[in-house]
$ cat structure.cif   # mmCIF, C-alpha atoms
data_final
loop_
_atom_site.group_PDB
_atom_site.id
_atom_site.type_symbol
_atom_site.label_atom_id
_atom_site.label_comp_id
_atom_site.auth_asym_id
_atom_site.auth_seq_id
_atom_site.Cartn_x
_atom_site.Cartn_y
_atom_site.Cartn_z
ATOM 1 C CA MET L 207 -16.195 -0.176 0.796
ATOM 2 C CA MET L 208 -14.926 2.859 2.644
ATOM 3 C CA ASN L 209 -17.122 5.881 3.114
ATOM 4 C CA ASP L 210 -15.791 9.392 2.455
ATOM 5 C CA ARG L 211 -14.852 10.017 6.081
ATOM 6 C CA GLU L 212 -12.844 6.778 6.300
ATOM 7 C CA LYS L 213 -11.039 7.602 3.040
ATOM 8 C CA ILE L 214 -10.007 11.028 4.329
ATOM 9 C CA ASN L 215 -8.759 9.600 7.638
ATOM 10 C CA ASN L 216 -7.002 6.741 5.835
ATOM 11 C CA GLU L 217 -5.253 9.104 3.413
ATOM 12 C CA LYS L 218 -3.995 11.321 6.235
ATOM 13 C CA GLY L 219 -2.733 8.357 8.249
ATOM 14 C CA ASP L 220 -1.049 6.634 5.319
ATOM 15 C CA LYS L 221 0.604 9.830 4.153
ATOM 16 C CA LEU L 222 2.022 10.253 7.649
ATOM 17 C CA ASN L 223 3.163 6.610 7.717
ATOM 18 C CA LEU L 224 4.913 6.943 4.349
ATOM 19 C CA GLU L 225 6.691 10.082 5.507
ATOM 20 C CA LEU L 226 7.782 8.494 8.790
ATOM 21 C CA PHE L 227 8.745 5.021 7.611
ATOM 22 C CA GLY L 228 9.546 5.536 3.928
ATOM 23 C CA GLU L 229 9.701 3.067 1.095
ATOM 24 C CA GLU L 230 11.025 0.189 3.198
ATOM 25 C CA TRP L 231 7.801 0.257 5.220
ATOM 26 C CA VAL L 232 5.754 0.140 2.008
ATOM 27 C CA LYS L 233 7.808 -2.803 0.740
ATOM 28 C CA THR L 234 7.333 -4.695 4.004
ATOM 29 C CA TYR L 235 3.593 -4.001 3.981
ATOM 30 C CA ILE L 236 3.261 -5.295 0.404
ATOM 31 C CA GLU L 237 5.307 -8.401 1.223
ATOM 32 C CA GLY L 238 3.000 -9.102 4.157
ATOM 33 C CA ILE L 239 -0.127 -8.758 2.033
ATOM 34 C CA LEU L 240 1.252 -11.090 -0.632
ATOM 35 C CA PHE L 241 2.445 -13.622 1.939
ATOM 36 C CA ILE L 242 -0.861 -13.995 3.780
ATOM 37 C CA SER L 243 -3.220 -13.736 0.812
ATOM 38 C CA GLU L 244 -4.771 -17.001 -0.316
ATOM 39 C CA SER L 245 -5.097 -15.876 -3.933
ATOM 40 C CA PRO L 246 -3.473 -13.308 -6.237
ATOM 41 C CA VAL L 247 -3.999 -9.700 -5.186
ATOM 42 C CA LYS L 248 -4.379 -6.906 -7.738
ATOM 43 C CA THR L 249 -2.080 -3.913 -7.433
ATOM 44 C CA GLY L 250 -5.094 -1.610 -7.291
ATOM 45 C CA VAL L 251 -6.407 -3.382 -4.206
ATOM 46 C CA ILE L 252 -3.033 -3.102 -2.487
ATOM 47 C CA ALA L 253 -2.765 0.576 -3.403
ATOM 48 C CA GLU L 254 -6.263 1.316 -2.128
ATOM 49 C CA SER L 255 -5.674 -0.485 1.161
ATOM 50 C CA MET L 256 -2.494 1.518 1.713
ATOM 51 C CA GLY L 257 -3.802 4.810 0.355
ATOM 52 C CA ILE L 258 -0.918 5.176 -2.094
ATOM 53 C CA PRO L 259 -0.830 5.424 -5.901
ATOM 54 C CA GLU L 260 -1.005 2.147 -7.810
ATOM 55 C CA ASN L 261 2.123 3.148 -9.743
ATOM 56 C CA LYS L 262 4.046 3.181 -6.460
ATOM 57 C CA VAL L 263 2.924 -0.387 -5.734
ATOM 58 C CA LYS L 264 3.961 -1.489 -9.246
ATOM 59 C CA GLN L 265 7.340 0.208 -8.853
ATOM 60 C CA ILE L 266 8.034 -1.593 -5.574
ATOM 61 C CA LEU L 267 6.895 -4.934 -6.989
ATOM 62 C CA ARG L 268 9.336 -4.501 -9.903
ATOM 63 C CA MET L 269 12.134 -3.811 -7.400
ATOM 64 C CA MET L 270 11.188 -6.919 -5.431
ATOM 65 C CA GLU L 271 11.329 -9.081 -8.574
ATOM 66 C CA GLN L 272 14.988 -8.234 -9.158
#

$ encode --input "structure.cif" --output "structure tokens"
Amino acid sequence: MMNDREKINNEKGDKLNLELFGEEWVKTYIEGILFISESPVKTGVIAESMGIPENKVKQILRMMEQ
């Protein structure tokens, strides 16, 4: 589990990454997580690790399914 300080730093860094690299970066990150995971990964876990809303993860996963 992350402590409060790590969460704040993570949120700042991820927000910057999303602004710099955009949705394609998020898609690539999610693909990487799904590729290397040994078991199914919940969208909430992905969202928390990236510091983005879970709805954003679900939206990108729907796009990837098409």

$ atom_distance --input "structure.cif" --atom1 "atom CA of Trp231 of chain L" --atom2 "atom CA of Glu244 of chain L"
22.1 Å

$ closest_residue --input "structure.cif" --among "L:Phe241, L:Glu271, L:Ile236, L:Glu229" --to "Glu254 of chain L" --atoms "all atoms listed in the file"
L:Ile236

$ atom_distance --input "structure.cif" --atom1 "atom CA of Ile266 of chain L" --atom2 "atom CA of Ile252 of chain L"
11.6 Å

$ closest_residue --input "structure.cif" --among "L:Ser245, L:Gln272, L:Tyr235, L:Leu240" --to "Ile258 of chain L" --atoms "all atoms listed in the file"
L:Tyr235
